[in-house]
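*Asks:* What follows is the file input.tsv, containing TSV, N, CA and C atoms:
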chain	number	residue	atom	x	y	z
W	30	MET	N	-11.54	21.01	-23.71
W	30	MET	CA	-10.50	21.22	-22.72
W	30	MET	C	-9.22	20.56	-23.20
W	31	PRO	N	-8.10	21.25	-23.13
W	31	PRO	CA	-6.84	20.66	-23.61
W	31	PRO	C	-6.41	19.49	-22.73
W	32	ASP	N	-5.65	18.60	-23.33
W	32	ASP	CA	-5.13	17.45	-22.60
W	32	ASP	C	-4.01	17.93	-21.69
W	33	ARG	N	-4.25	18.02	-20.42
W	33	ARG	CA	-3.27	18.52	-19.45
W	33	ARG	C	-2.86	17.37	-18.55
W	34	ARG	N	-1.68	16.87	-18.75
W	34	ARG	CA	-1.19	15.75	-17.95
W	34	ARG	C	-0.50	16.27	-16.69
W	35	PHE	N	-0.38	15.39	-15.71
W	35	PHE	CA	0.31	15.71	-14.47
W	35	PHE	C	1.71	15.11	-14.56
W	36	THR	N	2.68	15.93	-14.96
W	36	THR	CA	4.04	15.44	-15.22
W	36	THR	C	4.97	15.75	-14.05
W	37	LYS	N	6.21	15.30	-14.17
W	37	LYS	CA	7.21	15.55	-13.14
W	37	LYS	C	7.45	17.04	-12.92
W	38	GLN	N	7.36	17.83	-13.98
W	38	GLN	CA	7.60	19.27	-13.83
W	38	GLN	C	6.47	19.97	-13.08
W	39	ASP	N	5.36	19.28	-12.86
W	39	ASP	CA	4.23	19.85	-12.11
W	39	ASP	C	4.32	19.54	-10.62
W	40	ARG	N	5.35	18.81	-10.20
W	40	ARG	CA	5.44	18.36	-8.81
W	40	ARG	C	6.67	18.94	-8.12
W	41	LEU	N	6.56	19.11	-6.81
W	41	LEU	CA	7.72	19.42	-5.98
W	41	LEU	C	8.39	18.07	-5.71
W	42	LEU	N	9.64	17.93	-6.11
W	42	LEU	CA	10.29	16.63	-6.06
W	42	LEU	C	11.31	16.50	-4.94
W	43	LYS	N	11.95	17.58	-4.56
W	43	LYS	CA	13.07	17.50	-3.63
W	43	LYS	C	12.71	18.14	-2.29
W	44	PRO	N	13.34	17.68	-1.23
W	44	PRO	CA	13.08	18.28	0.09
W	44	PRO	C	13.32	19.79	0.11
W	45	ARG	N	14.30	20.28	-0.65
W	45	ARG	CA	14.56	21.72	-0.65
W	45	ARG	C	13.41	22.50	-1.31
W	46	ASP	N	12.68	21.85	-2.24
W	46	ASP	CA	11.50	22.49	-2.83
W	46	ASP	C	10.44	22.72	-1.76
W	47	TYR	N	10.21	21.69	-0.93
W	47	TYR	CA	9.23	21.80	0.15
W	47	TYR	C	9.69	22.82	1.19
W	48	SER	N	10.96	22.75	1.59
W	48	SER	CA	11.44	23.67	2.62
W	48	SER	C	11.42	25.11	2.11
W	49	GLY	N	11.61	25.31	0.81
W	49	GLY	CA	11.50	26.65	0.25
W	49	GLY	C	10.11	27.23	0.43
W	50	VAL	N	9.11	26.40	0.27
W	50	VAL	CA	7.73	26.86	0.47
W	50	VAL	C	7.49	27.15	1.94
W	51	PHE	N	7.91	26.23	2.82
W	51	PHE	CA	7.67	26.42	4.25
W	51	PHE	C	8.40	27.63	4.81
W	52	SER	N	9.57	27.94	4.29
W	52	SER	CA	10.35	29.06	4.83
W	52	SER	C	9.92	30.41	4.26
W	53	GLN	N	9.26	30.43	3.11
W	53	GLN	CA	8.89	31.70	2.47
W	53	GLN	C	7.42	31.73	2.07
W	54	VAL	N	6.53	31.33	2.95
W	54	VAL	CA	5.10	31.32	2.64
W	54	VAL	C	4.63	32.73	2.36
W	55	THR	N	4.07	32.95	1.17
W	55	THR	CA	3.50	34.27	0.86
W	55	THR	C	1.98	34.21	0.78
W	56	VAL	N	1.45	33.02	0.46
W	56	VAL	CA	0.00	32.85	0.38
W	56	VAL	C	-0.38	31.64	1.22
W	57	ARG	N	-1.38	31.85	2.06
W	57	ARG	CA	-1.85	30.80	2.95
W	57	ARG	C	-3.36	30.70	2.79
W	58	VAL	N	-3.85	29.49	2.44
W	58	VAL	CA	-5.29	29.29	2.26
W	58	VAL	C	-5.73	28.20	3.25
W	59	PRO	N	-6.27	28.61	4.40
W	59	PRO	CA	-6.71	27.62	5.38
W	59	PRO	C	-8.13	27.12	5.10
W	60	HIS	N	-8.39	25.92	5.52
W	60	HIS	CA	-9.71	25.31	5.45
W	60	HIS	C	-9.78	24.29	6.58
W	61	ARG	N	-10.96	23.89	6.92
W	61	ARG	CA	-11.13	22.93	8.01
W	61	ARG	C	-10.42	21.60	7.73
W	62	HIS	N	-10.38	21.17	6.47
W	62	HIS	CA	-9.80	19.88	6.12
W	62	HIS	C	-8.47	19.97	5.40
W	63	PHE	N	-8.12	21.14	4.89
W	63	PHE	CA	-6.87	21.32	4.14
W	63	PHE	C	-6.17	22.60	4.58
W	64	LEU	N	-4.87	22.66	4.33
W	64	LEU	CA	-4.11	23.90	4.44
W	64	LEU	C	-3.24	23.98	3.20
W	65	ILE	N	-3.34	25.09	2.48
W	65	ILE	CA	-2.53	25.27	1.28
W	65	ILE	C	-1.56	26.41	1.54
W	66	LEU	N	-0.27	26.12	1.35
W	66	LEU	CA	0.79	27.11	1.48
W	66	LEU	C	1.43	27.28	0.12
W	67	ALA	N	1.76	28.53	-0.23
W	67	ALA	CA	2.34	28.76	-1.56
W	67	ALA	C	3.32	29.91	-1.53
W	68	THR	N	4.26	29.85	-2.45
W	68	THR	CA	5.23	30.90	-2.64
W	68	THR	C	5.52	31.01	-4.15
W	69	PRO	N	5.75	32.21	-4.65
W	69	PRO	CA	6.01	32.36	-6.09
W	69	PRO	C	7.29	31.63	-6.52
W	70	ASN	N	7.29	31.16	-7.77
W	70	ASN	CA	8.50	30.58	-8.34
W	70	ASN	C	8.81	31.29	-9.66
W	71	THR	N	9.96	30.99	-10.21
W	71	THR	CA	10.38	31.65	-11.45
W	71	THR	C	10.25	30.74	-12.66
W	72	LEU	N	9.53	29.64	-12.52
W	72	LEU	CA	9.43	28.65	-13.58
W	72	LEU	C	8.38	28.98	-14.63
W	73	GLY	N	7.44	29.84	-14.30
W	73	GLY	CA	6.40	30.18	-15.25
W	73	GLY	C	5.18	29.28	-15.17
W	74	HIS	N	5.19	28.30	-14.26
W	74	HIS	CA	4.03	27.43	-14.06
W	74	HIS	C	3.99	26.98	-12.60
W	75	ALA	N	2.83	26.51	-12.19
W	75	ALA	CA	2.65	26.08	-10.81
W	75	ALA	C	3.17	24.65	-10.62
W	76	ARG	N	3.68	24.39	-9.41
W	76	ARG	CA	4.08	23.04	-9.02
W	76	ARG	C	3.40	22.74	-7.69
W	77	ILE	N	3.14	21.46	-7.44
W	77	ILE	CA	2.41	21.08	-6.24
W	77	ILE	C	3.14	19.96	-5.50
W	78	GLY	N	3.06	20.03	-4.18
W	78	GLY	CA	3.57	18.98	-3.31
W	78	GLY	C	2.47	18.61	-2.33
W	79	LEU	N	2.40	17.34	-1.96
W	79	LEU	CA	1.32	16.85	-1.11
W	79	LEU	C	1.87	16.27	0.18
W	80	ILE	N	1.23	16.61	1.29
W	80	ILE	CA	1.62	16.05	2.59
W	80	ILE	C	0.34	15.60	3.30
W	81	PHE	N	0.19	14.28	3.42
W	81	PHE	CA	-0.96	13.70	4.11
W	81	PHE	C	-0.43	12.65	5.08
W	82	SER	N	-0.58	12.90	6.37
W	82	SER	CA	0.03	12.04	7.37
W	82	SER	C	-0.88	10.88	7.79
W	83	LYS	N	-0.27	9.85	8.33
W	83	LYS	CA	-1.01	8.72	8.86
W	83	LYS	C	-1.84	9.14	10.07
W	84	LYS	N	-1.41	10.18	10.74
W	84	LYS	CA	-2.14	10.67	11.91
W	84	LYS	C	-3.54	11.14	11.50
W	85	ASN	N	-3.65	11.79	10.35
W	85	ASN	CA	-4.94	12.34	9.90
W	85	ASN	C	-5.70	11.39	8.99
W	86	LEU	N	-4.99	10.59	8.22
W	86	LEU	CA	-5.62	9.60	7.33
W	86	LEU	C	-4.96	8.26	7.62
W	87	LYS	N	-5.62	7.46	8.43
W	87	LYS	CA	-5.02	6.23	8.97
W	87	LYS	C	-4.63	5.21	7.89
W	88	LEU	N	-5.51	5.00	6.93
W	88	LEU	CA	-5.28	3.94	5.94
W	88	LEU	C	-4.64	4.49	4.66
W	89	ALA	N	-3.77	3.69	4.08
W	89	ALA	CA	-3.10	4.09	2.83
W	89	ALA	C	-4.12	4.35	1.73
W	90	VAL	N	-5.19	3.58	1.70
W	90	VAL	CA	-6.20	3.77	0.67
W	90	VAL	C	-6.85	5.16	0.81
W	91	GLN	N	-7.01	5.63	2.04
W	91	GLN	CA	-7.57	6.97	2.26
W	91	GLN	C	-6.60	8.05	1.78
W	92	ARG	N	-5.32	7.90	2.14
W	92	ARG	CA	-4.32	8.88	1.72
W	92	ARG	C	-4.21	8.92	0.20
W	93	ASN	N	-4.20	7.75	-0.43
W	93	ASN	CA	-4.08	7.69	-1.88
W	93	ASN	C	-5.29	8.30	-2.58
W	94	ARG	N	-6.49	8.07	-2.05
W	94	ARG	CA	-7.71	8.64	-2.65
W	94	ARG	C	-7.67	10.15	-2.61
W	95	ILE	N	-7.30	10.72	-1.47
W	95	ILE	CA	-7.25	12.18	-1.33
W	95	ILE	C	-6.16	12.75	-2.23
W	96	LYS	N	-4.99	12.12	-2.25
W	96	LYS	CA	-3.92	12.61	-3.13
W	96	LYS	C	-4.34	12.58	-4.58
W	97	ARG	N	-5.03	11.53	-4.98
W	97	ARG	CA	-5.50	11.42	-6.36
W	97	ARG	C	-6.47	12.55	-6.69
W	98	LEU	N	-7.37	12.86	-5.76
W	98	LEU	CA	-8.33	13.94	-5.98
W	98	LEU	C	-7.65	15.31	-6.04
W	99	VAL	N	-6.67	15.53	-5.17
W	99	VAL	CA	-5.94	16.80	-5.19
W	99	VAL	C	-5.20	16.96	-6.51
W	100	ARG	N	-4.50	15.92	-6.95
W	100	ARG	CA	-3.79	15.99	-8.22
W	100	ARG	C	-4.73	16.23	-9.39
W	101	GLU	N	-5.87	15.55	-9.38
W	101	GLU	CA	-6.83	15.68	-10.48
W	101	GLU	C	-7.40	17.10	-10.54
W	102	THR	N	-7.79	17.65	-9.40
W	102	THR	CA	-8.35	19.02	-9.41
W	102	THR	C	-7.27	20.03	-9.78
W	103	PHE	N	-6.04	19.81	-9.32
W	103	PHE	CA	-4.93	20.71	-9.67
W	103	PHE	C	-4.68	20.66	-11.18
W	104	ARG	N	-4.69	19.48	-11.74
W	104	ARG	CA	-4.44	19.29	-13.16
W	104	ARG	C	-5.48	20.02	-14.01
W	105	GLN	N	-6.69	20.11	-13.53
W	105	GLN	CA	-7.77	20.73	-14.29
W	105	GLN	C	-7.74	22.26	-14.22
W	106	GLN	N	-6.93	22.82	-13.32
W	106	GLN	CA	-6.83	24.28	-13.21
W	106	GLN	C	-5.95	24.79	-14.34
W	107	THR	N	-6.48	25.65	-15.18
W	107	THR	CA	-5.73	26.10	-16.34
W	107	THR	C	-5.00	27.42	-16.12
W	108	ASP	N	-5.42	28.20	-15.16
W	108	ASP	CA	-4.85	29.54	-14.99
W	108	ASP	C	-4.20	29.75	-13.62
W	109	MET	N	-3.48	28.74	-13.16
W	109	MET	CA	-2.80	28.86	-11.87
W	109	MET	C	-1.58	29.77	-12.02
W	110	PRO	N	-1.34	30.63	-11.03
W	110	PRO	CA	-0.14	31.47	-11.08
W	110	PRO	C	1.12	30.62	-10.89
W	111	ALA	N	2.25	31.16	-11.29
W	111	ALA	CA	3.53	30.46	-11.16
W	111	ALA	C	3.93	30.43	-9.68
W	112	MET	N	3.57	29.34	-9.01
W	112	MET	CA	3.84	29.20	-7.59
W	112	MET	C	4.22	27.77	-7.26
W	113	ASP	N	4.97	27.63	-6.18
W	113	ASP	CA	5.20	26.32	-5.58
W	113	ASP	C	4.17	26.18	-4.47
W	114	ILE	N	3.38	25.13	-4.52
W	114	ILE	CA	2.23	24.95	-3.64
W	114	ILE	C	2.40	23.65	-2.85
W	115	VAL	N	2.14	23.72	-1.54
W	115	VAL	CA	2.11	22.54	-0.70
W	115	VAL	C	0.71	22.41	-0.12
W	116	VAL	N	0.11	21.24	-0.30
W	116	VAL	CA	-1.23	20.96	0.24
W	116	VAL	C	-1.07	19.99	1.39
W	117	LEU	N	-1.54	20.39	2.58
W	117	LEU	CA	-1.49	19.55	3.76
W	117	LEU	C	-2.90	19.12	4.14
W	118	GLY	N	-3.03	17.89	4.61
W	118	GLY	CA	-4.33	17.38	5.05
W	118	GLY	C	-4.49	17.58	6.54
W	119	ARG	N	-5.72	17.80	6.95
W	119	ARG	CA	-6.04	17.96	8.36
W	119	ARG	C	-7.01	16.86	8.79
W	120	GLN	N	-7.30	16.80	10.07
W	120	GLN	CA	-8.17	15.75	10.59
W	120	GLN	C	-9.59	15.89	10.03
W	121	GLY	N	-10.27	14.77	9.93
W	121	GLY	CA	-11.63	14.74	9.44
W	121	GLY	C	-11.73	14.57	7.94
W	122	LEU	N	-10.62	14.53	7.29
W	122	LEU	CA	-10.58	14.43	5.83
W	122	LEU	C	-11.09	13.08	5.33
W	123	ALA	N	-10.89	12.03	6.10
W	123	ALA	CA	-11.29	10.69	5.68
W	123	ALA	C	-12.80	10.54	5.56
W	124	GLU	N	-13.55	11.35	6.28
W	124	GLU	CA	-15.01	11.25	6.27
W	124	GLU	C	-15.64	11.90	5.05
W	125	LEU	N	-14.88	12.70	4.31
W	125	LEU	CA	-15.44	13.37	3.13
W	125	LEU	C	-15.56	12.40	1.96
W	126	ASP	N	-16.67	12.51	1.23
W	126	ASP	CA	-16.80	11.70	0.03
W	126	ASP	C	-16.14	12.44	-1.15
W	127	ASN	N	-16.02	11.77	-2.28
W	127	ASN	CA	-15.32	12.35	-3.43
W	127	ASN	C	-15.95	13.64	-3.95
W	128	PRO	N	-17.27	13.71	-4.14
W	128	PRO	CA	-17.84	14.98	-4.64
W	128	PRO	C	-17.61	16.16	-3.69
W	129	ALA	N	-17.72	15.92	-2.40
W	129	ALA	CA	-17.49	17.00	-1.42
W	129	ALA	C	-16.03	17.44	-1.46
W	130	THR	N	-15.13	16.49	-1.53
W	130	THR	CA	-13.70	16.81	-1.60
W	130	THR	C	-13.40	17.60	-2.87
W	131	HIS	N	-13.97	17.18	-3.96
W	131	HIS	CA	-13.78	17.86	-5.25
W	131	HIS	C	-14.25	19.31	-5.16
W	132	ARG	N	-15.43	19.51	-4.59
W	132	ARG	CA	-16.00	20.85	-4.46
W	132	ARG	C	-15.11	21.74	-3.57
W	133	ILE	N	-14.67	21.20	-2.44
W	133	ILE	CA	-13.82	21.96	-1.52
W	133	ILE	C	-12.52	22.35	-2.22
W	134	LEU	N	-11.90	21.41	-2.91
W	134	LEU	CA	-10.63	21.69	-3.57
W	134	LEU	C	-10.77	22.75	-4.66
W	135	ASN	N	-11.83	22.66	-5.45
W	135	ASN	CA	-12.03	23.68	-6.48
W	135	ASN	C	-12.21	25.07	-5.87
W	136	GLU	N	-12.91	25.13	-4.75
W	136	GLU	CA	-13.07	26.41	-4.04
W	136	GLU	C	-11.72	26.91	-3.52
W	137	LEU	N	-10.91	26.00	-2.99
W	137	LEU	CA	-9.59	26.39	-2.47
W	137	LEU	C	-8.66	26.87	-3.58
W	138	TRP	N	-8.72	26.24	-4.75
W	138	TRP	CA	-7.88	26.72	-5.87
W	138	TRP	C	-8.29	28.13	-6.27
W	139	GLN	N	-9.59	28.42	-6.27
W	139	GLN	CA	-10.05	29.78	-6.59
W	139	GLN	C	-9.56	30.77	-5.55
W	140	ARG	N	-9.66	30.40	-4.28
W	140	ARG	CA	-9.18	31.29	-3.22
W	140	ARG	C	-7.68	31.53	-3.33
W	141	LEU	N	-6.93	30.47	-3.69
W	141	LEU	CA	-5.49	30.60	-3.86
W	141	LEU	C	-5.17	31.58	-4.98
W	142	ARG	N	-5.86	31.47	-6.11
W	142	ARG	CA	-5.63	32.40	-7.22
W	142	ARG	C	-5.91	33.84	-6.79
W	143	ARG	N	-7.03	34.06	-6.10
W	143	ARG	CA	-7.37	35.43	-5.66
W	143	ARG	C	-6.32	35.97	-4.69
W	144	LYS	N	-5.93	35.16	-3.70
W	144	LYS	CA	-4.93	35.63	-2.73
W	144	LYS	C	-3.57	35.86	-3.38
W	145	ALA	N	-3.20	35.01	-4.33
W	145	ALA	CA	-1.93	35.19	-5.03
W	145	ALA	C	-1.95	36.47	-5.84
W	146	GLN	N	-3.07	36.76	-6.46
W	146	GLN	CA	-3.20	37.98	-7.25
W	146	GLN	C	-3.10	39.21	-6.35
W	147	ARG	N	-3.76	39.14	-5.19
W	147	ARG	CA	-3.67	40.26	-4.24
W	147	ARG	C	-2.25	40.46	-3.72
W	148	ALA	N	-1.58	39.33	-3.41
W	148	ALA	CA	-0.21	39.40	-2.90
W	148	ALA	C	0.72	39.96	-3.99
W	149	ASP	N	0.45	39.60	-5.23
W	149	ASP	CA	1.27	40.08	-6.35
W	149	ASP	C	1.10	41.58	-6.55
W	150	THR	N	-0.13	42.06	-6.47
W	150	THR	CA	-0.36	43.50	-6.67
W	150	THR	C	0.14	44.30	-5.47
W	151	ALA	N	0.11	43.72	-4.29
W	151	ALA	CA	0.60	44.43	-3.10
W	151	ALA	C	2.13	44.57	-3.12
W	152	SER	N	2.82	43.54	-3.66
W	152	SER	CA	4.28	43.60	-3.67
W	152	SER	C	4.81	44.33	-4.90
W	153	GLY	N	4.01	44.43	-5.95
W	153	GLY	CA	4.51	45.01	-7.19
W	153	GLY	C	4.07	46.37	-7.41
Render the structure in this file as structure tokens.

*Replies:*
Amino acid sequence: MPDRRFTKQDRLLKPRDYSGVFSQVTVRVPHRHFLILATPNTLGHARIGLIFSKKNLKLAVQRNRIKRLVRETFRQQTDMPAMDIVVLGRQGLAELDNPATHRILNELWQRLRRKAQRADTASG
């Protein structure tokens, strides 16, 4: 597997990047513990932004663990479409252990790819 680092160009950095995704959602992947929103970009690679609130994950250690797992699973995806992606956490996320979270996220990335491909063929 190639060495794929999680660099600044892989992240949504500015508020306008996030608002662009929220205002033009083309792909929506719901799950009981996560919600993934995405919109195509012109950069040629995927970027990710994370939103995990204190309301759903009370402790900073919980928020940091989930963010670390999301970044790690995203980094391992080699064939993501060129999209800006926002991952939001929902209630009950703190009770998941690492292997379960990993499994859920890998399934969500697959669903995102399928939905993005369908949205791309429908619009093109």

*Asks:* Any chance you could list, as a PyMOL selection string, the residues in chain W that come up alpha helix (DSSP H) when DSSP is run on the backbone?

*Replies:* chain W and resi 44-52+89-105+127-152

*Asks:* Counting all atoms listed in the file, which residue out of W:Thr55, W:Thr36, W:Gln91, W:Asn135 sits closest to W:Ala67?

*Replies:*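 Once distances to W:Ala67 are computed over all atoms listed in the file, the minimum belongs to W:Thr55.
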
*Asks:* Tell me which of W:Glu101, W:Val90, W:Asp113, W:Arg140 sits closest to W:Gly49, counting only N, CA and C atoms.

*Replies:*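 Closest residue, counting only N, CA and C atoms: W:Asp113.
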
*Asks:* Choose the residue, out of W:Lys87, W:Val115, W:Ala123, W:Glu136, that has the smallest atom-to-atom separation from W:Arg57; count only C-alpha atoms.

*Replies:*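 Ranking W:Lys87, W:Val115, W:Ala123, W:Glu136 by distance to W:Arg57, first place goes to W:Val115.
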
*Asks:* Just how far from atom CA of W:Thr102 is atom CA of W:Trp138, in Å to one decimal?

*Replies:*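 A separation of 8.5 Å between them.
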
*Asks:* Restricting the calculation to only N, CA and C atoms: of W:Asp46, W:Arg104, W:Asn127, W:Lys83, which residue gets closest to W:Arg34?

*Replies:*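 Residue with the minimum atom-to-atom distance to W:Arg34: W:Arg104.
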